[in-house]
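K.L.:
There's a structure below that I have some questions on.
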Amino acid sequence: MQKIIGGVAAFALLVGLSGVAAAQEEKFITIGTGGQTGVYYVVGQSICGLVNRGQAQHGVRCTAPSTGGSIANLNAMREGAMEMGVVQSDWQYHAYNGTSQFEEAGPFEDLRAVFSVHPEPFNVIARADSGIETFEDLRGKRVNVGNPGSGQRATMDVVMEAMGWSIDDFALASELQSAEQAGALGDNNVDAIIFTVGHPNGSIQEATTTTDAKLISVDTDEIKALVEDRPYYAWATVPGGMYRGTDEDVTTFGVLATFVAPASVDDDVIYAVVSAVFENFDRFKGLHPAFDVLNEEDMITNGISAPLHEGAARYYRERGWIE
Ligand code: GLU
């Protein structure tokens, strides 16, 4: 009797110990993305796919659920609910500095940049029958200004302020998620939608093929002043012919998608994630056409307003990309 109990106890001890060992080796990380029809979701899924292939070596296991977008991701990282996130470069800047939307929350001093990804123009897509020809024509129309928590909504708030508009200047200002807005445009529930996203984009393709709609240039004097004043905005051109109904080049401003993490996330984890991307860079670039333009040098310099995460910096130093 005594012996059996001893045996059971020893067995339990062994199971307990191996459980502890496994828990120490496996590190789970969550990457905040955006709506399922956006490019952030593809960024997160692609990075996790590459990371998880190397799990046996580094023990990092990665998931990348759909989220509300940049602001939601930054808030989740600040609360410690997510380890990494894709965020617009303008909101990386504001979160780190505690400006604009983040004035009340104060500077997110622990925020670190990992690398930047694809360019994201501020896109306005209007129904052909809406009478919207210029960006100013948006006033008085039914517009999806975006869900709170998304980067494009936060940037739209900045744009509205610059234009001297408020939500009340629209006949309707809906707050649909990015994945819902192409449908709303097609159903004639709104005249225009706004999506700060990389090209080519599936939901803009959907919006412009299921209904007669076109991209509108966003280059008013107010926008010119914004681009001149702010380091994180740049002019962007959406080439004519990319979407049905838009044959001419469209001029707008844009930001970069960036990949960030709090400094408190283990350097080894970030090192494993960064190596997974840059050791398989051609494969990564092949996962979405918006990644075609990417190159290593731009990714570790452009759109970076927070200091580099130490785990990323270690990898870049080893490659000789930084001092
Ligand atoms: N730029 C958008 C945001 O920050 C997301 C774009 C995407 O989902 O690709 O919310």
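Residues in the structure tokens are numbered from 1 in each chain, the chains being A, B, ... in the order shown, and ligands are numbered from 1 in the order shown.
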Determine which residues of segment 95-320 of chain A receive a DSSP assignment of strand (DSSP E), computed from the backbone, and state them as a tab-separated table (two decimals) with all heavy atoms, in the first residue's frame.
P.N.:
```
chain	number	residue	atom	x	y	z
A	111	LEU	N	7.08	51.64	-25.42
A	111	LEU	CA	6.83	51.18	-26.80
A	111	LEU	C	8.14	51.13	-27.59
A	111	LEU	O	8.94	52.05	-27.51
A	111	LEU	CB	5.83	52.13	-27.49
A	111	LEU	CG	5.41	51.73	-28.91
A	111	LEU	CD1	4.60	50.43	-28.88
A	111	LEU	CD2	4.57	52.84	-29.55
A	112	ARG	N	8.32	50.05	-28.34
A	112	ARG	CA	9.51	49.90	-29.17
A	112	ARG	C	9.12	49.56	-30.60
A	112	ARG	O	8.15	48.83	-30.83
A	112	ARG	CB	10.41	48.78	-28.62
A	112	ARG	CG	10.99	49.06	-27.24
A	112	ARG	CD	12.02	50.19	-27.28
A	112	ARG	NE	12.52	50.52	-25.96
A	112	ARG	CZ	11.99	51.46	-25.17
A	112	ARG	NH1	10.93	52.16	-25.55
A	112	ARG	NH2	12.53	51.71	-23.99
A	113	ALA	N	9.89	50.07	-31.55
A	113	ALA	CA	9.68	49.74	-32.95
A	113	ALA	C	10.42	48.45	-33.27
A	113	ALA	O	11.49	48.18	-32.70
A	113	ALA	CB	10.20	50.87	-33.83
A	114	VAL	N	9.86	47.66	-34.17
A	114	VAL	CA	10.53	46.42	-34.59
A	114	VAL	C	10.97	46.59	-36.06
A	114	VAL	O	12.13	46.50	-36.38
A	114	VAL	CB	9.63	45.20	-34.37
A	114	VAL	CG1	10.30	43.92	-34.88
A	114	VAL	CG2	9.32	45.05	-32.86
A	115	PHE	N	10.02	46.85	-36.94
A	115	PHE	CA	10.33	47.27	-38.32
A	115	PHE	C	9.08	47.87	-38.93
A	115	PHE	O	7.99	47.75	-38.36
A	115	PHE	CB	10.88	46.11	-39.17
A	115	PHE	CG	10.05	44.84	-39.19
A	115	PHE	CD1	8.86	44.77	-39.87
A	115	PHE	CD2	10.51	43.69	-38.54
A	115	PHE	CE1	8.12	43.59	-39.90
A	115	PHE	CE2	9.78	42.50	-38.57
A	115	PHE	CZ	8.58	42.45	-39.26
A	116	SER	N	9.24	48.53	-40.06
A	116	SER	CA	8.06	49.03	-40.75
A	116	SER	C	7.74	48.09	-41.91
A	116	SER	O	8.60	47.31	-42.34
A	116	SER	CB	8.27	50.46	-41.23
A	116	SER	OG	9.28	50.51	-42.20
A	117	VAL	N	6.52	48.15	-42.36
A	117	VAL	CA	6.09	47.25	-43.43
A	117	VAL	C	5.66	48.09	-44.64
A	117	VAL	O	6.38	49.02	-45.02
A	117	VAL	CB	5.00	46.26	-42.93
A	117	VAL	CG1	5.08	44.94	-43.71
A	117	VAL	CG2	5.16	45.92	-41.45
A	118	HIS	N	4.49	47.85	-45.18
A	118	HIS	CA	4.05	48.44	-46.45
A	118	HIS	C	3.46	49.85	-46.28
A	118	HIS	O	2.98	50.18	-45.20
A	118	HIS	CB	2.99	47.52	-47.08
A	118	HIS	CG	1.84	47.28	-46.15
A	118	HIS	ND1	1.88	46.36	-45.13
A	118	HIS	CD2	0.63	47.88	-46.05
A	118	HIS	CE1	0.75	46.38	-44.46
A	118	HIS	NE2	-0.05	47.31	-45.00
A	119	PRO	N	3.47	50.65	-47.35
A	119	PRO	CA	2.82	51.97	-47.30
A	119	PRO	C	1.30	51.83	-47.26
A	119	PRO	O	0.74	50.92	-47.85
A	119	PRO	CB	3.24	52.64	-48.62
A	119	PRO	CG	4.17	51.71	-49.30
A	119	PRO	CD	4.09	50.37	-48.66
A	120	GLU	N	0.67	52.76	-46.56
A	120	GLU	CA	-0.80	52.76	-46.45
A	120	GLU	C	-1.36	54.13	-46.80
A	120	GLU	O	-1.41	55.03	-45.96
A	120	GLU	CB	-1.23	52.48	-45.01
A	120	GLU	CG	-0.79	51.17	-44.44
A	120	GLU	CD	-1.52	50.93	-43.13
A	120	GLU	OE1	-1.05	51.42	-42.09
A	120	GLU	OE2	-2.58	50.28	-43.17
A	121	PRO	N	-1.80	54.32	-48.03
A	121	PRO	CA	-2.45	55.58	-48.37
A	121	PRO	C	-3.81	55.73	-47.66
A	121	PRO	O	-4.46	54.73	-47.35
A	121	PRO	CB	-2.64	55.50	-49.88
A	121	PRO	CG	-1.71	54.42	-50.34
A	121	PRO	CD	-1.61	53.45	-49.19
A	122	PHE	N	-4.19	56.97	-47.40
A	122	PHE	CA	-5.52	57.30	-46.86
A	122	PHE	C	-6.47	57.30	-48.06
A	122	PHE	O	-6.45	58.21	-48.88
A	122	PHE	CB	-5.41	58.69	-46.21
A	122	PHE	CG	-6.68	59.25	-45.64
A	122	PHE	CD1	-7.04	59.00	-44.31
A	122	PHE	CD2	-7.49	60.08	-46.40
A	122	PHE	CE1	-8.19	59.56	-43.78
A	122	PHE	CE2	-8.65	60.63	-45.86
A	122	PHE	CZ	-9.00	60.37	-44.55
A	123	ASN	N	-7.26	56.24	-48.17
A	123	ASN	CA	-8.09	56.06	-49.37
A	123	ASN	C	-9.53	56.44	-49.12
A	123	ASN	O	-10.12	56.02	-48.13
A	123	ASN	CB	-8.08	54.59	-49.80
A	123	ASN	CG	-6.68	54.07	-50.03
A	123	ASN	OD1	-6.01	54.48	-50.97
A	123	ASN	ND2	-6.20	53.19	-49.16
A	124	VAL	N	-10.07	57.23	-50.04
A	124	VAL	CA	-11.49	57.57	-50.01
A	124	VAL	C	-12.11	56.95	-51.26
A	124	VAL	O	-11.65	57.22	-52.38
A	124	VAL	CB	-11.69	59.10	-50.01
A	124	VAL	CG1	-13.19	59.44	-50.04
A	124	VAL	CG2	-11.02	59.71	-48.80
A	125	ILE	N	-13.13	56.13	-51.08
A	125	ILE	CA	-13.79	55.48	-52.21
A	125	ILE	C	-15.25	55.91	-52.19
A	125	ILE	O	-15.95	55.72	-51.19
A	125	ILE	CB	-13.69	53.93	-52.11
A	125	ILE	CG1	-12.23	53.50	-51.96
A	125	ILE	CG2	-14.32	53.26	-53.33
A	125	ILE	CD1	-11.80	53.07	-50.60
A	126	ALA	N	-15.68	56.52	-53.30
A	126	ALA	CA	-17.04	57.08	-53.35
A	126	ALA	C	-17.86	56.42	-54.45
A	126	ALA	O	-17.33	56.07	-55.51
A	126	ALA	CB	-16.96	58.59	-53.61
A	127	ARG	N	-19.14	56.25	-54.20
A	127	ARG	CA	-20.05	55.73	-55.22
A	127	ARG	C	-20.10	56.72	-56.39
A	127	ARG	O	-20.11	57.94	-56.18
A	127	ARG	CB	-21.47	55.57	-54.66
A	127	ARG	CG	-21.64	54.43	-53.68
A	127	ARG	CD	-23.08	54.40	-53.17
A	127	ARG	NE	-24.02	54.16	-54.26
A	127	ARG	CZ	-24.46	52.96	-54.66
A	127	ARG	NH1	-24.04	51.88	-54.00
A	127	ARG	NH2	-25.30	52.85	-55.66
A	142	ARG	N	-23.19	60.77	-46.85
A	142	ARG	CA	-23.20	59.63	-45.91
A	142	ARG	C	-21.83	58.94	-46.00
A	142	ARG	O	-21.48	58.39	-47.04
A	142	ARG	CB	-24.30	58.65	-46.29
A	142	ARG	CG	-25.71	59.24	-46.25
A	142	ARG	CD	-26.69	58.31	-46.94
A	142	ARG	NE	-26.25	58.04	-48.30
A	142	ARG	CZ	-26.59	56.97	-49.02
A	142	ARG	NH1	-27.38	56.04	-48.51
A	142	ARG	NH2	-26.14	56.81	-50.25
A	143	VAL	N	-21.09	59.02	-44.91
A	143	VAL	CA	-19.69	58.57	-44.96
A	143	VAL	C	-19.41	57.56	-43.83
A	143	VAL	O	-19.83	57.80	-42.69
A	143	VAL	CB	-18.74	59.79	-44.81
A	143	VAL	CG1	-17.28	59.34	-44.80
A	143	VAL	CG2	-18.99	60.80	-45.93
A	144	ASN	N	-18.74	56.48	-44.17
A	144	ASN	CA	-18.27	55.59	-43.10
A	144	ASN	C	-16.93	56.12	-42.61
A	144	ASN	O	-15.92	55.99	-43.29
A	144	ASN	CB	-18.13	54.14	-43.56
A	144	ASN	CG	-17.88	53.24	-42.37
A	144	ASN	OD1	-18.62	53.28	-41.39
A	144	ASN	ND2	-16.80	52.48	-42.41
A	172	LEU	N	-24.72	61.39	-42.69
A	172	LEU	CA	-24.63	60.20	-41.84
A	172	LEU	C	-23.15	59.91	-41.66
A	172	LEU	O	-22.39	59.97	-42.63
A	172	LEU	CB	-25.30	59.00	-42.53
A	172	LEU	CG	-25.07	57.64	-41.87
A	172	LEU	CD1	-26.04	57.43	-40.72
A	172	LEU	CD2	-25.21	56.51	-42.88
A	173	ALA	N	-22.75	59.64	-40.42
A	173	ALA	CA	-21.36	59.21	-40.18
A	173	ALA	C	-21.44	57.84	-39.52
A	173	ALA	O	-21.72	57.74	-38.33
A	173	ALA	CB	-20.65	60.21	-39.28
A	174	SER	N	-21.23	56.79	-40.29
A	174	SER	CA	-21.31	55.44	-39.73
A	174	SER	C	-19.94	55.01	-39.23
A	174	SER	O	-18.91	55.57	-39.64
A	174	SER	CB	-21.88	54.46	-40.75
A	174	SER	OG	-21.10	54.47	-41.91
A	192	ALA	N	-19.70	57.06	-49.30
A	192	ALA	CA	-18.23	56.93	-49.38
A	192	ALA	C	-17.70	56.18	-48.17
A	192	ALA	O	-18.30	56.21	-47.09
A	192	ALA	CB	-17.58	58.30	-49.46
A	193	ILE	N	-16.58	55.50	-48.39
A	193	ILE	CA	-15.90	54.81	-47.29
A	193	ILE	C	-14.44	55.27	-47.24
A	193	ILE	O	-13.90	55.75	-48.25
A	193	ILE	CB	-15.97	53.27	-47.43
A	193	ILE	CG1	-15.32	52.79	-48.75
A	193	ILE	CG2	-17.42	52.80	-47.36
A	193	ILE	CD1	-15.27	51.27	-48.90
A	194	ILE	N	-13.84	55.12	-46.08
A	194	ILE	CA	-12.45	55.54	-45.90
A	194	ILE	C	-11.67	54.36	-45.35
A	194	ILE	O	-12.11	53.70	-44.41
A	194	ILE	CB	-12.40	56.74	-44.94
A	194	ILE	CG1	-12.99	57.94	-45.69
A	194	ILE	CG2	-10.97	57.06	-44.50
A	194	ILE	CD1	-13.51	59.00	-44.85
A	195	PHE	N	-10.53	54.08	-45.98
A	195	PHE	CA	-9.74	52.92	-45.54
A	195	PHE	C	-8.26	53.24	-45.76
A	195	PHE	O	-7.81	53.38	-46.89
A	195	PHE	CB	-10.16	51.69	-46.35
A	195	PHE	CG	-9.78	50.36	-45.72
A	195	PHE	CD1	-9.22	50.28	-44.45
A	195	PHE	CD2	-10.01	49.17	-46.40
A	195	PHE	CE1	-8.90	49.06	-43.87
A	195	PHE	CE2	-9.69	47.93	-45.84
A	195	PHE	CZ	-9.13	47.88	-44.57
A	196	THR	N	-7.54	53.40	-44.64
A	196	THR	CA	-6.09	53.60	-44.72
A	196	THR	C	-5.47	52.22	-44.73
A	196	THR	O	-5.38	51.57	-43.69
A	196	THR	CB	-5.61	54.45	-43.53
A	196	THR	OG1	-6.26	55.72	-43.60
A	196	THR	CG2	-4.11	54.66	-43.55
A	213	ALA	N	-17.89	52.74	-58.44
A	213	ALA	CA	-17.29	53.59	-57.41
A	213	ALA	C	-15.87	53.94	-57.83
A	213	ALA	O	-15.29	53.25	-58.68
A	213	ALA	CB	-17.26	52.84	-56.08
A	214	LYS	N	-15.34	55.01	-57.26
A	214	LYS	CA	-13.96	55.38	-57.62
A	214	LYS	C	-13.22	55.99	-56.45
A	214	LYS	O	-13.82	56.47	-55.48
A	214	LYS	CB	-13.97	56.35	-58.80
A	214	LYS	CG	-14.68	57.65	-58.50
A	214	LYS	CD	-14.64	58.57	-59.71
A	214	LYS	CE	-15.44	59.83	-59.40
A	214	LYS	NZ	-15.67	60.67	-60.56
A	215	LEU	N	-11.90	55.98	-56.55
A	215	LEU	CA	-11.05	56.59	-55.53
A	215	LEU	C	-10.99	58.10	-55.77
A	215	LEU	O	-10.95	58.54	-56.93
A	215	LEU	CB	-9.64	55.99	-55.56
A	215	LEU	CG	-9.47	54.72	-54.72
A	215	LEU	CD1	-10.18	53.53	-55.36
A	215	LEU	CD2	-7.99	54.39	-54.52
A	216	ILE	N	-10.98	58.85	-54.68
A	216	ILE	CA	-11.00	60.32	-54.74
A	216	ILE	C	-9.65	60.85	-54.24
A	216	ILE	O	-9.16	60.37	-53.21
A	216	ILE	CB	-12.14	60.86	-53.83
A	216	ILE	CG1	-13.51	60.28	-54.25
A	216	ILE	CG2	-12.15	62.38	-53.77
A	216	ILE	CD1	-14.03	60.77	-55.59
A	234	ALA	N	3.33	61.27	-45.65
A	234	ALA	CA	4.01	61.50	-46.94
A	234	ALA	C	2.97	61.44	-48.04
A	234	ALA	O	1.89	60.85	-47.85
A	234	ALA	CB	5.06	60.42	-47.16
A	235	TRP	N	3.27	62.04	-49.19
A	235	TRP	CA	2.36	61.94	-50.33
A	235	TRP	C	2.37	60.53	-50.87
A	235	TRP	O	3.39	59.83	-50.82
A	235	TRP	CB	2.76	62.93	-51.44
A	235	TRP	CG	2.48	64.34	-51.02
A	235	TRP	CD1	3.41	65.30	-50.74
A	235	TRP	CD2	1.21	64.93	-50.81
A	235	TRP	NE1	2.78	66.45	-50.36
A	235	TRP	CE2	1.43	66.26	-50.40
A	235	TRP	CE3	-0.12	64.48	-50.92
A	235	TRP	CZ2	0.38	67.14	-50.09
A	235	TRP	CZ3	-1.15	65.35	-50.62
A	235	TRP	CH2	-0.91	66.66	-50.21
A	236	ALA	N	1.24	60.11	-51.38
A	236	ALA	CA	1.12	58.76	-51.93
A	236	ALA	C	0.32	58.82	-53.23
A	236	ALA	O	-0.57	59.65	-53.37
A	236	ALA	CB	0.41	57.86	-50.93
A	237	THR	N	0.67	57.95	-54.16
A	237	THR	CA	-0.07	57.87	-55.42
A	237	THR	C	-0.64	56.47	-55.56
A	237	THR	O	0.09	55.49	-55.40
A	237	THR	CB	0.87	58.15	-56.61
A	237	THR	OG1	1.46	59.43	-56.41
A	237	THR	CG2	0.13	58.12	-57.94
A	238	VAL	N	-1.92	56.40	-55.84
A	238	VAL	CA	-2.52	55.10	-56.16
A	238	VAL	C	-2.61	55.05	-57.68
A	238	VAL	O	-3.30	55.88	-58.30
A	238	VAL	CB	-3.92	54.94	-55.52
A	238	VAL	CG1	-4.45	53.53	-55.78
A	238	VAL	CG2	-3.86	55.23	-54.02
A	250	VAL	N	-4.34	58.60	-58.53
A	250	VAL	CA	-5.01	59.32	-57.45
A	250	VAL	C	-3.94	59.78	-56.46
A	250	VAL	O	-3.07	59.00	-56.07
A	250	VAL	CB	-6.03	58.40	-56.74
A	250	VAL	CG1	-6.59	59.06	-55.49
A	250	VAL	CG2	-7.15	58.03	-57.71
A	251	THR	N	-4.02	61.08	-56.08
A	251	THR	CA	-3.04	61.62	-55.13
A	251	THR	C	-3.67	61.72	-53.76
A	251	THR	O	-4.76	62.27	-53.61
A	251	THR	CB	-2.61	63.04	-55.56
A	251	THR	OG1	-2.10	62.95	-56.88
A	251	THR	CG2	-1.54	63.59	-54.63
A	252	THR	N	-2.99	61.19	-52.79
A	252	THR	CA	-3.46	61.33	-51.41
A	252	THR	C	-2.24	61.32	-50.50
A	252	THR	O	-1.11	61.33	-51.00
A	252	THR	CB	-4.47	60.21	-51.05
A	252	THR	OG1	-4.96	60.43	-49.72
A	252	THR	CG2	-3.87	58.82	-51.14
A	253	PHE	N	-2.47	61.37	-49.21
A	253	PHE	CA	-1.32	61.27	-48.30
A	253	PHE	C	-1.37	59.88	-47.67
A	253	PHE	O	-2.37	59.18	-47.77
A	253	PHE	CB	-1.36	62.38	-47.24
A	253	PHE	CG	-2.39	62.16	-46.17
A	253	PHE	CD1	-2.03	61.68	-44.92
A	253	PHE	CD2	-3.72	62.41	-46.42
A	253	PHE	CE1	-2.98	61.46	-43.93
A	253	PHE	CE2	-4.69	62.20	-45.44
A	253	PHE	CZ	-4.31	61.73	-44.19
A	254	GLY	N	-0.28	59.51	-47.03
A	254	GLY	CA	-0.28	58.18	-46.43
A	254	GLY	C	0.72	58.04	-45.31
A	254	GLY	O	1.47	58.96	-44.99
A	255	VAL	N	0.66	56.86	-44.72
A	255	VAL	CA	1.54	56.50	-43.60
A	255	VAL	C	2.18	55.15	-43.95
A	255	VAL	O	1.99	54.63	-45.06
A	255	VAL	CB	0.74	56.42	-42.28
A	255	VAL	CG1	0.22	57.78	-41.88
A	255	VAL	CG2	-0.42	55.41	-42.40
A	256	LEU	N	2.91	54.60	-43.01
A	256	LEU	CA	3.44	53.24	-43.19
A	256	LEU	C	2.81	52.34	-42.14
A	256	LEU	O	2.54	52.79	-41.01
A	256	LEU	CB	4.95	53.23	-42.98
A	256	LEU	CG	5.83	53.81	-44.07
A	256	LEU	CD1	7.30	53.76	-43.63
A	256	LEU	CD2	5.66	53.05	-45.37
A	257	ALA	N	2.60	51.10	-42.50
A	257	ALA	CA	2.26	50.10	-41.49
A	257	ALA	C	3.56	49.78	-40.76
A	257	ALA	O	4.61	49.66	-41.41
A	257	ALA	CB	1.72	48.86	-42.16
A	258	THR	N	3.52	49.67	-39.44
A	258	THR	CA	4.74	49.35	-38.70
A	258	THR	C	4.45	48.23	-37.70
A	258	THR	O	3.30	48.00	-37.33
A	258	THR	CB	5.29	50.58	-37.93
A	258	THR	OG1	4.43	50.88	-36.82
A	258	THR	CG2	5.41	51.80	-38.83
A	259	PHE	N	5.51	47.59	-37.28
A	259	PHE	CA	5.39	46.46	-36.38
A	259	PHE	C	6.08	46.86	-35.08
A	259	PHE	O	7.24	47.29	-35.10
A	259	PHE	CB	6.08	45.27	-37.05
A	259	PHE	CG	5.75	43.94	-36.47
A	259	PHE	CD1	4.47	43.61	-36.09
A	259	PHE	CD2	6.74	42.97	-36.33
A	259	PHE	CE1	4.16	42.37	-35.57
A	259	PHE	CE2	6.45	41.72	-35.81
A	259	PHE	CZ	5.15	41.43	-35.43
A	260	VAL	N	5.38	46.76	-33.96
A	260	VAL	CA	5.90	47.27	-32.69
A	260	VAL	C	5.67	46.27	-31.56
A	260	VAL	O	4.87	45.34	-31.68
A	260	VAL	CB	5.23	48.63	-32.31
A	260	VAL	CG1	5.55	49.70	-33.35
A	260	VAL	CG2	3.72	48.48	-32.15
A	261	ALA	N	6.36	46.50	-30.43
A	261	ALA	CA	6.21	45.65	-29.24
A	261	ALA	C	6.66	46.46	-28.03
A	261	ALA	O	7.52	47.32	-28.16
A	261	ALA	CB	7.07	44.40	-29.37
A	262	PRO	N	6.12	46.18	-26.86
A	262	PRO	CA	6.65	46.83	-25.66
A	262	PRO	C	8.05	46.32	-25.33
A	262	PRO	O	8.38	45.17	-25.62
A	262	PRO	CB	5.67	46.42	-24.56
A	262	PRO	CG	4.45	45.90	-25.25
A	262	PRO	CD	4.94	45.35	-26.56
```
K.L.:
Enumerate as a PyMOL selection string the residues within 9 Å of ligand 1, counting only C-alpha atoms and all ligand atoms.
P.N.:
chain A and resi 33-43+66-73+86-88+91+120-122+146-147+149-155+178-179+195-198+201+255-257
K.L.:
If you run DSSP over the backbone, which residues in segment 64-299 of chain A end up helix (DSSP H, G or I)? Put them as a PyMOL selection string.
P.N.:
chain A and resi 70-78+89-97+100-102+128-130+135-138+151-163+167-169+178-186+202-210+221-229+267-278+281-285+289-291+296-299
K.L.:
Between A:Phe102, A:Tyr271, A:Phe281, A:Tyr243, which residue has the minimum interatomic distance to Gly311 of chain A, considering only C-alpha atoms?
P.N.:
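Using only C-alpha atoms, Gly311 of chain A sits closest to A:Tyr271.
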K.L.:
Determine, counting only C-alpha atoms, which protein, DNA and RNA residues have an atom within 10 Å of an atom of Ser275 of chain A; residues of the same chain fewer than 6 positions away are not included. Present the result as a VMD selection string.
P.N.:
chain A and resid 50 to 51 54 269 281 311 to 312 315 to 316
K.L.:
Which residue is closest to Ile47 of chain A? Choose from A:Ala171, A:Met77, A:Val60, A:Val218 and count only C-alpha atoms.
P.N.:
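Once distances to Ile47 of chain A are computed over only C-alpha atoms, the minimum belongs to A:Val60.
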K.L.:
Show which residues sit within 7 Å of Thr63 of chain A, as a PDB file with N, CA and C atoms, in the first residue's frame. Count only C-alpha atoms, and ignore same-chain residues fewer than 4 positions away.
P.N.:
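Contents of the output file result.pdb:
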```pdb
ATOM      1  N   ILE A  29       2.856  34.158 -27.932  1.00  0.00           N
ATOM      2  CA  ILE A  29       2.700  35.591 -28.196  1.00  0.00           C
ATOM      3  C   ILE A  29       1.491  35.818 -29.105  1.00  0.00           C
ATOM      4  N   THR A  30       0.859  36.972 -28.897  1.00  0.00           N
ATOM      5  CA  THR A  30      -0.276  37.373 -29.716  1.00  0.00           C
ATOM      6  C   THR A  30       0.085  38.663 -30.443  1.00  0.00           C
ATOM      7  N   ILE A  31      -0.156  38.667 -31.744  1.00  0.00           N
ATOM      8  CA  ILE A  31       0.092  39.859 -32.560  1.00  0.00           C
ATOM      9  C   ILE A  31      -1.252  40.502 -32.900  1.00  0.00           C
ATOM     10  N   CYS A  48       3.293  35.022 -38.098  1.00  0.00           N
ATOM     11  CA  CYS A  48       3.070  33.863 -37.214  1.00  0.00           C
ATOM     12  C   CYS A  48       3.368  32.554 -37.937  1.00  0.00           C
TER      13      CYS A  48
END
```
K.L.:
I need the residue nearest Val274 of chain A from this list: A:Glu136, A:Asp212, A:Glu310, A:Glu109. Use only C-alpha atoms for the distance.
P.N.:
A:Glu310
